[in-house]
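Chemist: Contents of coords-v8.cif (mmCIF, C-alpha atoms) are given next:
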data_query
#
loop_
_atom_site.label_atom_id
_atom_site.label_comp_id
_atom_site.auth_asym_id
_atom_site.auth_seq_id
_atom_site.Cartn_x
_atom_site.Cartn_y
_atom_site.Cartn_z
CA MET Y 1 30.53 -28.91 6.49
CA SER Y 2 27.17 -28.44 4.79
CA PRO Y 3 26.47 -30.53 1.67
CA LYS Y 4 27.06 -28.94 -1.72
CA ILE Y 5 23.96 -27.54 -3.39
CA GLU Y 6 23.44 -28.51 -7.02
CA LEU Y 7 22.38 -25.35 -8.82
CA PRO Y 8 19.73 -25.57 -11.54
CA ARG Y 9 20.39 -24.72 -15.16
CA GLY Y 10 20.73 -21.01 -15.77
CA VAL Y 11 21.92 -20.28 -12.22
CA HIS Y 12 25.54 -19.49 -11.46
CA ARG Y 13 27.52 -18.60 -8.36
CA VAL Y 14 29.87 -15.62 -7.98
CA LYS Y 15 32.26 -15.45 -5.03
CA ALA Y 16 33.29 -11.95 -3.91
CA ARG Y 17 34.89 -10.81 -0.65
CA GLY Y 18 34.37 -14.20 0.92
CA ARG Y 19 30.65 -14.33 0.13
CA ASP Y 20 28.64 -16.28 -2.41
CA TYR Y 21 26.20 -14.49 -4.71
CA PHE Y 22 23.79 -16.24 -7.04
CA TYR Y 23 22.44 -15.08 -10.39
CA PHE Y 24 19.96 -16.34 -12.95
CA GLN Y 25 21.10 -15.86 -16.55
CA PRO Y 26 19.94 -18.32 -19.22
CA GLY Y 27 22.38 -18.71 -22.11
CA ARG Y 28 25.26 -17.23 -20.13
CA GLY Y 29 28.44 -17.03 -22.21
CA THR Y 30 26.58 -17.23 -25.51
CA PRO Y 31 25.45 -14.53 -27.96
CA ASN Y 32 21.87 -15.22 -26.81
CA ALA Y 33 22.50 -14.66 -23.11
CA GLY Y 34 19.49 -13.40 -21.21
CA ALA Y 35 19.33 -10.73 -18.54
CA ARG Y 36 21.46 -11.32 -15.40
CA ILE Y 37 19.16 -11.23 -12.37
CA ARG Y 38 20.38 -11.64 -8.82
CA LEU Y 39 18.76 -14.33 -6.67
CA PRO Y 40 18.33 -14.52 -2.88
CA ASP Y 41 21.62 -15.30 -1.13
CA ASP Y 42 20.68 -18.61 0.52
CA PRO Y 43 20.17 -21.47 -2.00
CA ARG Y 44 18.60 -23.54 0.79
CA SER Y 45 15.80 -21.05 1.40
CA PRO Y 46 12.28 -21.37 -0.06
CA GLU Y 47 12.62 -17.80 -1.37
CA PHE Y 48 15.60 -18.82 -3.52
CA TRP Y 49 13.78 -21.68 -5.24
CA THR Y 50 10.56 -19.69 -5.61
CA ALA Y 51 12.51 -16.99 -7.46
CA VAL Y 52 14.24 -19.61 -9.64
CA ARG Y 53 10.93 -21.25 -10.58
CA GLN Y 54 9.40 -17.89 -11.46
CA LEU Y 55 12.37 -16.95 -13.61
CA GLU Y 56 12.50 -20.35 -15.30
CA GLY Y 57 8.87 -19.93 -16.24
CA ILE Y 58 9.48 -16.62 -17.98
CA ALA Y 59 12.96 -17.27 -19.42
CA GLU Y 60 11.52 -18.09 -22.83
CA ARG Y 61 9.32 -14.97 -22.91
CA THR Y 62 11.09 -12.01 -21.35
CA ASP Y 63 9.87 -9.77 -24.15
CA THR Y 64 6.27 -9.31 -22.98
CA ILE Y 65 4.92 -6.88 -20.41
CA GLY Y 66 3.51 -9.77 -18.38
CA ALA Y 67 6.92 -11.49 -18.33
CA LEU Y 68 8.56 -8.21 -17.33
CA ILE Y 69 6.18 -7.91 -14.37
CA ASP Y 70 6.99 -11.49 -13.32
CA ALA Y 71 10.73 -10.83 -13.53
CA TYR Y 72 10.40 -7.64 -11.50
CA ILE Y 73 8.43 -9.37 -8.74
CA ALA Y 74 10.92 -12.26 -8.71
CA SER Y 75 13.75 -9.77 -8.13
CA TRP Y 76 12.31 -8.37 -4.88
CA PRO Y 77 13.85 -10.85 -2.41
CA SER Y 78 17.38 -9.97 -3.53
CA ALA Y 79 16.88 -6.25 -4.19
CA ARG Y 80 19.55 -4.03 -2.65
CA LYS Y 81 16.96 -1.40 -1.80
CA LYS Y 82 14.28 -3.41 -0.05
CA ILE Y 83 10.63 -2.91 -0.92
CA THR Y 84 8.43 -3.16 2.16
CA PRO Y 85 5.77 -5.91 2.26
CA ALA Y 86 3.02 -3.28 2.22
CA THR Y 87 4.49 -1.66 -0.90
CA GLN Y 88 4.92 -5.07 -2.54
CA SER Y 89 1.24 -5.75 -1.97
CA GLN Y 90 0.30 -2.42 -3.54
CA TYR Y 91 2.62 -2.91 -6.53
CA ARG Y 92 1.20 -6.39 -7.16
CA ARG Y 93 -2.32 -4.98 -7.11
CA TYR Y 94 -1.67 -2.14 -9.54
CA LEU Y 95 0.67 -4.04 -11.86
CA GLN Y 96 -2.14 -6.58 -12.23
CA VAL Y 97 -4.15 -3.82 -13.91
CA VAL Y 98 -1.27 -3.35 -16.36
CA ARG Y 99 -0.99 -7.12 -16.91
CA GLU Y 100 -4.69 -7.46 -17.72
CA LEU Y 101 -4.47 -4.67 -20.29
CA TRP Y 102 -1.12 -5.28 -21.93
CA GLY Y 103 0.30 -8.54 -20.52
CA ASN Y 104 0.80 -10.28 -23.89
CA LEU Y 105 2.18 -7.23 -25.72
CA PRO Y 106 5.92 -6.73 -26.35
CA ALA Y 107 7.39 -4.66 -23.52
CA GLU Y 108 9.54 -2.58 -25.89
CA ASP Y 109 6.39 -1.46 -27.75
CA LEU Y 110 4.92 0.26 -24.68
CA ARG Y 111 5.15 4.03 -25.10
CA PRO Y 112 4.48 7.07 -22.89
CA ALA Y 113 1.44 7.84 -25.05
CA HIS Y 114 -0.12 4.50 -24.03
CA VAL Y 115 0.56 5.11 -20.33
CA GLU Y 116 -0.77 8.68 -20.61
CA GLU Y 117 -3.96 7.40 -22.22
CA LEU Y 118 -4.43 4.94 -19.35
CA MET Y 119 -3.82 7.69 -16.78
CA VAL Y 120 -6.42 9.94 -18.40
CA LYS Y 121 -8.98 7.14 -18.59
CA ILE Y 122 -8.64 5.97 -14.99
CA GLY Y 123 -7.89 9.42 -13.60
CA ALA Y 124 -11.15 10.79 -14.97
CA THR Y 125 -12.85 9.38 -11.88
CA LYS Y 126 -10.05 8.02 -9.66
CA HIS Y 127 -6.96 10.21 -9.39
CA GLY Y 128 -5.46 8.15 -6.57
CA ARG Y 129 -5.81 4.85 -8.41
CA ALA Y 130 -4.25 6.29 -11.57
CA ASN Y 131 -1.31 7.69 -9.57
CA ASN Y 132 -0.74 4.36 -7.81
CA ILE Y 133 -0.60 2.52 -11.14
CA LEU Y 134 1.97 5.02 -12.40
CA TYR Y 135 4.08 4.67 -9.22
CA ALA Y 136 4.20 0.89 -9.68
CA LEU Y 137 5.05 1.22 -13.38
CA ARG Y 138 7.80 3.74 -12.66
CA SER Y 139 9.42 1.45 -10.14
CA MET Y 140 9.31 -1.54 -12.47
CA CYS Y 141 10.60 0.39 -15.49
CA SER Y 142 13.43 1.93 -13.47
CA TRP Y 143 14.52 -1.58 -12.47
CA ALA Y 144 14.12 -2.96 -15.99
CA ARG Y 145 16.20 -0.16 -17.54
CA GLY Y 146 19.02 -0.71 -15.04
CA PRO Y 147 21.77 -3.34 -15.18
CA VAL Y 148 19.30 -6.15 -15.95
CA GLY Y 149 18.74 -4.53 -19.34
CA LEU Y 150 15.19 -5.73 -19.96
CA LEU Y 151 14.01 -2.35 -21.32
CA HIS Y 152 15.86 0.08 -23.57
CA SER Y 153 13.31 2.91 -23.61
CA ASP Y 154 11.33 4.49 -20.79
CA PRO Y 155 7.56 4.04 -21.32
CA VAL Y 156 6.70 6.36 -18.40
CA HIS Y 157 8.95 9.24 -19.47
CA GLY Y 158 7.13 12.54 -19.11
CA VAL Y 159 3.93 11.01 -17.73
CA LYS Y 160 2.76 13.06 -14.75
CA THR Y 161 0.74 12.09 -11.70
CA PHE Y 162 -2.47 13.91 -10.92
CA GLU Y 163 -1.97 16.76 -8.49
CA SER Y 164 -2.52 15.77 -4.88
CA LYS Y 165 -5.39 17.47 -3.12
CA GLY Y 166 -3.59 17.15 0.19
CA GLY Y 167 -2.64 13.63 1.17
CA HIS Y 168 -4.56 10.41 0.61
CA GLU Y 169 -8.16 10.57 -0.52
CA PRO Y 170 -10.64 10.19 2.36
CA TRP Y 171 -13.30 7.51 2.12
CA THR Y 172 -16.65 8.79 0.88
CA ASP Y 173 -19.68 8.81 3.18
CA ASP Y 174 -21.15 5.88 1.22
CA GLN Y 175 -17.92 3.89 1.62
CA LEU Y 176 -17.85 4.56 5.36
CA VAL Y 177 -21.46 3.41 5.72
CA PHE Y 178 -20.81 0.29 3.63
CA ALA Y 179 -17.76 -0.65 5.72
CA GLU Y 180 -19.56 -0.11 9.02
CA LYS Y 181 -22.48 -2.26 7.90
CA ASN Y 182 -20.54 -5.09 6.26
CA LEU Y 183 -17.06 -5.49 7.75
CA THR Y 184 -16.70 -8.20 10.38
CA GLY Y 185 -14.04 -9.69 12.63
CA MET Y 186 -10.50 -8.37 12.46
CA LEU Y 187 -11.20 -6.05 9.53
CA ARG Y 188 -14.07 -4.41 11.41
CA ARG Y 189 -11.87 -3.73 14.43
CA ALA Y 190 -9.16 -2.29 12.20
CA PHE Y 191 -11.68 -0.05 10.45
CA PHE Y 192 -13.03 1.42 13.70
CA LEU Y 193 -9.57 1.95 15.16
CA ALA Y 194 -8.28 3.67 12.00
CA ARG Y 195 -11.40 5.76 11.48
CA TYR Y 196 -11.72 7.11 15.00
CA THR Y 197 -8.06 7.38 16.10
CA GLY Y 198 -6.61 8.44 12.74
CA GLN Y 199 -3.58 6.19 13.20
CA ARG Y 200 -1.65 4.37 10.47
CA ALA Y 201 -2.08 0.66 9.75
CA SER Y 202 1.40 0.06 11.20
CA ASP Y 203 0.17 1.47 14.53
CA ILE Y 204 -3.36 0.10 14.86
CA ILE Y 205 -2.00 -3.47 14.57
CA ARG Y 206 0.01 -2.82 17.78
CA MET Y 207 -2.79 -1.25 19.83
CA GLY Y 208 -4.11 -3.17 22.80
CA TRP Y 209 -5.84 -2.72 26.14
CA THR Y 210 -2.55 -1.75 27.81
CA ASP Y 211 -2.56 1.40 25.64
CA VAL Y 212 -5.96 2.47 26.99
CA ASP Y 213 -6.01 5.00 29.81
CA GLY Y 214 -9.55 5.88 30.82
CA ASP Y 215 -11.18 7.42 27.77
CA THR Y 216 -8.00 7.78 25.67
CA ILE Y 217 -5.60 5.56 23.71
CA SER Y 218 -1.92 6.48 23.51
CA LEU Y 219 0.73 4.62 21.52
CA ARG Y 220 4.08 5.83 20.19
CA GLN Y 221 3.90 5.91 16.40
CA LYS Y 222 6.23 3.49 14.66
CA LYS Y 223 7.06 5.85 11.78
CA THR Y 224 7.63 9.15 13.60
CA GLY Y 225 8.09 8.32 17.28
CA VAL Y 226 5.33 10.81 18.13
CA ARG Y 227 2.97 9.74 20.92
CA PRO Y 228 -0.48 11.24 20.32
CA VAL Y 229 -3.28 10.94 22.86
CA CYS Y 230 -6.36 9.78 20.95
CA PRO Y 231 -9.81 10.33 22.50
CA ILE Y 232 -12.02 7.25 22.50
CA PHE Y 233 -15.07 8.68 20.79
CA PRO Y 234 -18.51 7.20 21.60
CA GLU Y 235 -18.66 5.27 18.30
CA LEU Y 236 -15.34 3.56 19.03
CA GLU Y 237 -16.20 3.09 22.71
CA ALA Y 238 -19.41 1.24 21.80
CA GLU Y 239 -17.48 -1.04 19.45
CA MET Y 240 -14.70 -1.70 21.97
CA ALA Y 241 -17.30 -2.69 24.55
CA THR Y 242 -17.81 -5.90 22.54
CA TRP Y 243 -14.08 -6.78 22.53
CA GLU Y 244 -12.70 -9.20 25.09
CA LYS Y 245 -10.14 -7.82 27.52
CA ARG Y 246 -6.93 -9.83 27.18
CA PRO Y 247 -3.19 -9.24 26.85
CA GLY Y 248 -1.76 -8.41 23.45
CA PRO Y 249 -3.05 -6.40 20.49
CA PHE Y 250 -6.69 -5.85 19.61
CA LEU Y 251 -6.18 -7.28 16.12
CA LEU Y 252 -5.67 -11.01 15.75
CA GLN Y 253 -5.84 -13.19 12.65
CA ASP Y 254 -9.32 -14.69 12.46
CA SER Y 255 -8.75 -17.26 9.71
CA GLY Y 256 -6.05 -19.51 8.28
CA LYS Y 257 -3.41 -21.63 9.99
CA ASN Y 258 -2.26 -18.74 12.22
CA ILE Y 259 -5.68 -17.94 13.61
CA GLY Y 260 -5.46 -16.18 16.96
CA LYS Y 261 -1.97 -14.77 16.31
CA PRO Y 262 -1.15 -11.04 15.93
CA VAL Y 263 -1.62 -9.45 12.51
CA SER Y 264 1.28 -7.85 10.63
CA ALA Y 265 0.79 -4.75 8.49
CA ASN Y 266 1.35 -6.88 5.39
CA GLN Y 267 -1.28 -9.40 6.47
CA LEU Y 268 -3.75 -6.62 7.24
CA TRP Y 269 -3.23 -5.22 3.75
CA LYS Y 270 -3.57 -8.66 2.14
CA VAL Y 271 -6.86 -9.44 3.88
CA PHE Y 272 -8.16 -5.96 3.11
CA ASP Y 273 -7.06 -6.16 -0.54
CA ASP Y 274 -8.89 -9.48 -0.95
CA TYR Y 275 -12.05 -8.03 0.58
CA ARG Y 276 -11.87 -4.82 -1.47
CA ASP Y 277 -11.40 -6.77 -4.71
CA LYS Y 278 -14.72 -8.51 -4.06
CA HIS Y 279 -16.69 -5.33 -3.22
CA GLU Y 280 -16.67 -2.57 -5.82
CA GLU Y 281 -18.20 -0.22 -3.25
CA LEU Y 282 -14.70 0.11 -1.73
CA ASP Y 283 -12.78 0.45 -4.98
CA GLY Y 284 -9.73 2.66 -4.59
CA VAL Y 285 -9.82 3.12 -0.80
CA VAL Y 286 -6.74 2.62 1.38
CA TRP Y 287 -6.18 2.50 5.13
CA HIS Y 288 -4.44 5.86 5.10
CA GLY Y 289 -7.60 7.45 3.71
CA LEU Y 290 -9.24 6.89 7.10
CA ARG Y 291 -6.52 9.08 8.59
CA ALA Y 292 -7.85 11.85 6.37
CA ASN Y 293 -11.41 11.08 7.49
CA ALA Y 294 -10.36 11.43 11.13
CA VAL Y 295 -8.85 14.89 10.45
CA ILE Y 296 -11.88 16.10 8.49
CA ARG Y 297 -14.26 14.85 11.18
CA LEU Y 298 -12.48 16.86 13.88
CA ARG Y 299 -12.23 19.91 11.63
CA ARG Y 300 -15.96 19.83 11.01
CA ALA Y 301 -16.44 19.77 14.78
CA GLY Y 302 -14.52 23.06 14.98
CA TYR Y 303 -11.16 21.93 16.40
CA THR Y 304 -7.96 23.80 15.56
CA GLY Y 305 -5.04 22.45 13.60
CA GLN Y 306 -2.96 22.19 16.77
CA GLN Y 307 -5.68 20.28 18.65
CA ILE Y 308 -6.06 17.84 15.78
CA SER Y 309 -2.27 17.49 15.55
CA ASP Y 310 -2.07 16.58 19.24
CA THR Y 311 -4.81 13.93 19.06
CA ILE Y 312 -3.78 12.29 15.77
CA GLY Y 313 -0.01 12.82 15.81
CA MET Y 314 0.13 14.60 12.47
CA SER Y 315 1.98 17.84 11.76
CA VAL Y 316 -0.12 20.98 11.78
CA GLU Y 317 0.92 21.60 8.16
CA MET Y 318 -0.43 18.21 7.08
CA VAL Y 319 -3.62 18.75 9.07
CA GLU Y 320 -4.12 22.00 7.16
CA ARG Y 321 -3.59 20.20 3.85
CA TYR Y 322 -6.18 17.56 4.67
CA SER Y 323 -8.59 20.22 5.97
CA ARG Y 324 -8.29 22.66 3.07
CA HIS Y 325 -11.38 21.48 1.21
CA GLN Y 326 -13.46 21.22 4.37
CA ASP Y 327 -12.42 24.73 5.40
CA ARG Y 328 -13.57 26.06 2.04
CA VAL Y 329 -16.92 24.30 2.40
CA ALA Y 330 -17.35 25.74 5.89
CA ALA Y 331 -16.45 29.22 4.64
CA ALA Y 332 -18.98 28.97 1.81
CA GLN Y 333 -21.69 27.82 4.23
CA THR Y 334 -20.91 30.72 6.59
CA VAL Y 335 -21.09 33.24 3.75
CA LEU Y 336 -24.38 31.77 2.54
CA SER Y 337 -25.87 31.78 6.05
CA THR Y 338 -24.82 35.40 6.62
CA TYR Y 339 -26.16 36.40 3.22
CA ARG Y 340 -29.57 34.86 3.97
CA GLU Y 341 -29.76 36.55 7.38
CA ARG Y 342 -29.11 39.95 5.80
CA LYS Y 343 -31.85 39.34 3.25
CA LEU Y 344 -34.44 38.66 5.95
#
Translate the structure described by the file into structure tokens.
Modeler:
Amino acid sequence: MSPKIELPRGVHRVKARGRDYFYFQPGRGTPNAGARIRLPDDPRSPEFWTAVRQLEGIAERTDTIGALIDAYIASWPSARKKITPATQSQYRRYLQVVRELWGNLPAEDLRPAHVEELMVKIGATKHGRANNILYALRSMCSWARGPVGLLHSDPVHGVKTFESKGGHEPWTDDQLVFAEKNLTGMLRRAFFLARYTGQRASDIIRMGWTDVDGDTISLRQKKTGVRPVCPIFPELEAEMATWEKRPGPFLLQDSGKNIGKPVSANQLWKVFDDYRDKHEELDGVVWHGLRANAVIRLRRAGYTGQQISDTIGMSVEMVERYSRHQDRVAAAQTVLSTYRERKL
């Protein structure tokens, strides 16, 4: 029989249907009881005590926006609807923007007008970044207005995202050049694989030499089960020529205590986020944007939606969405060229 765990102050156990559930609620049973927040199920796990420490640190100040963000993040390990590690990384990044602006302000004072003003300011130049901040805020506020009762009004009510132009924003030419010149190691490999195969981060981390067949790479996509056949374009071929041929994935951790081990999608995002935060030239870019770049590149070369779909593993409809702007540019150039020829 395992030894009894002594629970810290503010934590209580509830037994239901033969299972133990743990909750953090300072002042339980008193008129000043705080919000009841579920903890991870195993009190012997590091995740349990990390969540307790985080909640203990904010128990005295659950009224501020910064404290609300801390409480929301602390709730993730025990959330019924799990948030993927990649999404957690994104939410942390964009909620940090909110914390820096309003962290010490009372959470109940935040109004849709304030959020709308922030959206307009950031969205003036970066629609995608503004939308991502709003997504993170929506998720947090939905949680806070639920059973935990940390918010009574909805500060994102009525605030709209900017209209999508057809999927994630592609990287600009300047951003592509910067990445090609400056990225090194694992990040450089990931960049070339994503840019020239158009595959998601969850797929490029699994690619290896066993997926190469002559001048193509083929790997069943984790999300959809589709198995595209990706041409190895000369730019990627030249880069791959410098990679050692060995079993396992192309991407391995190149720093830290797990150096030499495979990279998870979450780790890839973390390393990339750290790098992007230090280089304003890449502000706002995401891995999925390179998927858009791959589509646009093939469209510019004159390939059809079906051909691009087959090589990238994207629906024809989505290919058309990503290609819409490029198609309009090509149409304008054709009209202009024809017009000039007629004038000669």
Chemist: To test your reading of the syntax: which residues would the PyMOL selection byres ((chain Y and resi 319) around 12) return for the file shown? Reply as a count of residues only.
Modeler: 37
Chemist: Quick check on the file I pasted: which residues fall under the PyMOL selection byres ((chain Y and resi 27-44) around 7)? Write them as a list in words.
Modeler: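 Against this file, the PyMOL selection byres ((chain Y and resi 27-44) around 7) returns the residues Gly10, Tyr21, Phe22, Tyr23, Phe24, Gln25, Pro26, Ser45, Pro46, Glu47, Phe48, Ala51, Ser75, Pro77, Ser78, Val148, Gly149 and Leu150 of chain Y.
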Chemist: One decimal, in Å: what's the spacing between atom CA of Val115 of chain Y and atom CA of Glu100 of chain Y?
Modeler: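 Atom CA of Val115 of chain Y sits 13.9 Å away from atom CA of Glu100 of chain Y.
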Chemist: Neighbouring residues of segment 204-221 of chain Y were defined as those with any atom within 10 Å, considering all atoms listed in the file; residues of the same chain fewer than 3 positions away were excluded. Please report them as a PyMOL selection string.
Modeler: chain Y and resi 189-194+197-201+224-234+237+240+243-252+262-265+268+311-313
Chemist: Generate the output file for the selected residues, C-alpha atoms, as a compact mmCIF listing (two decimals), keeping the file's coordinate frame.
Modeler:
# COMPACT_ATOMS: atom_id res chain seq x y z
CA ARG Y 189 -11.87 -3.73 14.43
CA ALA Y 190 -9.16 -2.29 12.20
CA PHE Y 191 -11.68 -0.05 10.45
CA PHE Y 192 -13.03 1.42 13.70
CA LEU Y 193 -9.57 1.95 15.16
CA ALA Y 194 -8.28 3.67 12.00
CA THR Y 197 -8.06 7.38 16.10
CA GLY Y 198 -6.61 8.44 12.74
CA GLN Y 199 -3.58 6.19 13.20
CA ARG Y 200 -1.65 4.37 10.47
CA ALA Y 201 -2.08 0.66 9.75
CA THR Y 224 7.63 9.15 13.60
CA GLY Y 225 8.09 8.32 17.28
CA VAL Y 226 5.33 10.81 18.13
CA ARG Y 227 2.97 9.74 20.92
CA PRO Y 228 -0.48 11.24 20.32
CA VAL Y 229 -3.28 10.94 22.86
CA CYS Y 230 -6.36 9.78 20.95
CA PRO Y 231 -9.81 10.33 22.50
CA ILE Y 232 -12.02 7.25 22.50
CA PHE Y 233 -15.07 8.68 20.79
CA PRO Y 234 -18.51 7.20 21.60
CA GLU Y 237 -16.20 3.09 22.71
CA MET Y 240 -14.70 -1.70 21.97
CA TRP Y 243 -14.08 -6.78 22.53
CA GLU Y 244 -12.70 -9.20 25.09
CA LYS Y 245 -10.14 -7.82 27.52
CA ARG Y 246 -6.93 -9.83 27.18
CA PRO Y 247 -3.19 -9.24 26.85
CA GLY Y 248 -1.76 -8.41 23.45
CA PRO Y 249 -3.05 -6.40 20.49
CA PHE Y 250 -6.69 -5.85 19.61
CA LEU Y 251 -6.18 -7.28 16.12
CA LEU Y 252 -5.67 -11.01 15.75
CA PRO Y 262 -1.15 -11.04 15.93
CA VAL Y 263 -1.62 -9.45 12.51
CA SER Y 264 1.28 -7.85 10.63
CA ALA Y 265 0.79 -4.75 8.49
CA LEU Y 268 -3.75 -6.62 7.24
CA THR Y 311 -4.81 13.93 19.06
CA ILE Y 312 -3.78 12.29 15.77
CA GLY Y 313 -0.01 12.82 15.81
Chemist: Go through Y:Val177, Y:Ile83, Y:Leu95, Y:Val120 and flag the residue nearest Arg138 of chain Y, using only C-alpha atoms for the distances.
Modeler: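 Using only C-alpha atoms, the shortest distance to Arg138 of chain Y belongs to Y:Leu95.
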Chemist: Do you have the atom CA of Ala67 of chain Y-atom CA of Leu55 of chain Y distance handy?
Modeler: 9.0 Å
Chemist: Can you work out the spacing between atom CA of Leu137 of chain Y and atom CA of Ile65 of chain Y in Å, to one decimal?
Modeler: 10.7 Å
Chemist: Nearest residue to Leu290 of chain Y out of Y:Arg342, Y:Asp274, Y:Glu235, Y:Asp173, using all atoms listed in the file?
Modeler: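 Result for the nearest residue to Leu290 of chain Y: Y:Asp173.
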Chemist: Counting only C-alpha atoms, which residue out of Y:Ala71, Y:Leu282, Y:Leu110, Y:Ala238 sits closest to Ala179 of chain Y?
Modeler: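 Selected residue with least distance to Ala179 of chain Y: Y:Leu282.
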Chemist: Once the PyMOL selection byres ((chain Y and resi 270) around 12) has been evaluated on this model, what residues remain selected, and can you format them as a PyMOL selection string?
Modeler: chain Y and resi 85-90+92-93+187+253+263-269+271-277+286-287
Chemist: Take the point (-7.8, 11.8, -4.0) in the file's coordinates, draw a sphere of radius 12 Å around it, and report as a VMD selection string every protein, DNA or RNA residue with an atom inside or on it, counting only C-alpha atoms.
Modeler: chain Y and resid 123 to 132 161 to 172 284 to 286 288 to 289 292 322 325
Chemist: From the set Y:Ala16, Y:Ile69, Y:Val97, Y:Ala74, which residue has the shortest atom-to-atom contact distance to Arg53 of chain Y, counting only C-alpha atoms?
Modeler: Y:Ala74
Chemist: Out of Y:Lys81, Y:Lys223, Y:Arg195, Y:Lys257, which residue has the shortest atom-to-atom distance to Leu236 of chain Y when counting all atoms listed in the file?
Modeler: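 Ranked by minimum distance to Leu236 of chain Y, first place goes to Y:Arg195.
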Chemist: Using only C-alpha atoms, which of Y:Glu117, Y:Glu108, Y:Asp70, Y:Glu180 sits nearest Gln96 of chain Y?
Modeler: Y:Asp70
Chemist: Please reconstruct the missing atoms of segment 5-18 of chain Y (target: N, CA, C and O atoms) and return them as an mmCIF file, keeping the file's coordinate frame.
Modeler:
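The result, written out as result_33.cif:
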data_model
loop_
_atom_site.group_PDB
_atom_site.id
_atom_site.type_symbol
_atom_site.label_atom_id
_atom_site.label_comp_id
_atom_site.auth_asym_id
_atom_site.auth_seq_id
_atom_site.Cartn_x
_atom_site.Cartn_y
_atom_site.Cartn_z
ATOM 1 N N ILE Y 5 25.249 -27.696 -2.733
ATOM 2 C CA ILE Y 5 23.960 -27.540 -3.390
ATOM 3 C C ILE Y 5 24.149 -27.582 -4.894
ATOM 4 O O ILE Y 5 24.996 -26.877 -5.455
ATOM 5 N N GLU Y 6 23.378 -28.436 -5.563
ATOM 6 C CA GLU Y 6 23.440 -28.510 -7.020
ATOM 7 C C GLU Y 6 22.542 -27.415 -7.592
ATOM 8 O O GLU Y 6 21.322 -27.416 -7.378
ATOM 9 N N LEU Y 7 23.137 -26.481 -8.298
ATOM 10 C CA LEU Y 7 22.380 -25.350 -8.820
ATOM 11 C C LEU Y 7 21.680 -25.732 -10.117
ATOM 12 O O LEU Y 7 22.228 -26.472 -10.944
ATOM 13 N N PRO Y 8 20.476 -25.233 -10.321
ATOM 14 C CA PRO Y 8 19.730 -25.570 -11.540
ATOM 15 C C PRO Y 8 20.318 -24.869 -12.756
ATOM 16 O O PRO Y 8 21.118 -23.933 -12.654
ATOM 17 N N ARG Y 9 19.911 -25.295 -13.910
ATOM 18 C CA ARG Y 9 20.390 -24.720 -15.160
ATOM 19 C C ARG Y 9 20.014 -23.232 -15.220
ATOM 20 O O ARG Y 9 18.900 -22.840 -14.880
ATOM 21 N N GLY Y 10 20.972 -22.440 -15.669
ATOM 22 C CA GLY Y 10 20.730 -21.010 -15.770
ATOM 23 C C GLY Y 10 21.139 -20.223 -14.544
ATOM 24 O O GLY Y 10 21.142 -18.998 -14.566
ATOM 25 N N VAL Y 11 21.501 -20.943 -13.459
ATOM 26 C CA VAL Y 11 21.920 -20.280 -12.220
ATOM 27 C C VAL Y 11 23.421 -20.458 -12.041
ATOM 28 O O VAL Y 11 23.946 -21.557 -12.195
ATOM 29 N N HIS Y 12 24.107 -19.376 -11.715
ATOM 30 C CA HIS Y 12 25.540 -19.490 -11.460
ATOM 31 C C HIS Y 12 25.912 -18.729 -10.198
ATOM 32 O O HIS Y 12 25.202 -17.825 -9.756
ATOM 33 N N ARG Y 13 27.038 -19.151 -9.615
ATOM 34 C CA ARG Y 13 27.520 -18.600 -8.360
ATOM 35 C C ARG Y 13 28.713 -17.680 -8.627
ATOM 36 O O ARG Y 13 29.579 -17.979 -9.437
ATOM 37 N N VAL Y 14 28.737 -16.535 -7.917
ATOM 38 C CA VAL Y 14 29.870 -15.620 -7.980
ATOM 39 C C VAL Y 14 30.379 -15.408 -6.560
ATOM 40 O O VAL Y 14 29.602 -15.083 -5.663
ATOM 41 N N LYS Y 15 31.681 -15.622 -6.352
ATOM 42 C CA LYS Y 15 32.260 -15.450 -5.030
ATOM 43 C C LYS Y 15 32.994 -14.103 -4.997
ATOM 44 O O LYS Y 15 33.845 -13.825 -5.842
ATOM 45 N N ALA Y 16 32.662 -13.270 -4.029
ATOM 46 C CA ALA Y 16 33.290 -11.950 -3.910
ATOM 47 C C ALA Y 16 33.407 -11.594 -2.434
ATOM 48 O O ALA Y 16 32.428 -11.697 -1.690
ATOM 49 N N ARG Y 17 34.630 -11.207 -2.030
ATOM 50 C CA ARG Y 17 34.890 -10.810 -0.650
ATOM 51 C C ARG Y 17 34.430 -11.851 0.364
ATOM 52 O O ARG Y 17 33.860 -11.550 1.404
ATOM 53 N N GLY Y 18 34.681 -13.105 0.014
ATOM 54 C CA GLY Y 18 34.370 -14.200 0.920
ATOM 55 C C GLY Y 18 32.911 -14.599 0.974
ATOM 56 O O GLY Y 18 32.536 -15.440 1.787
#
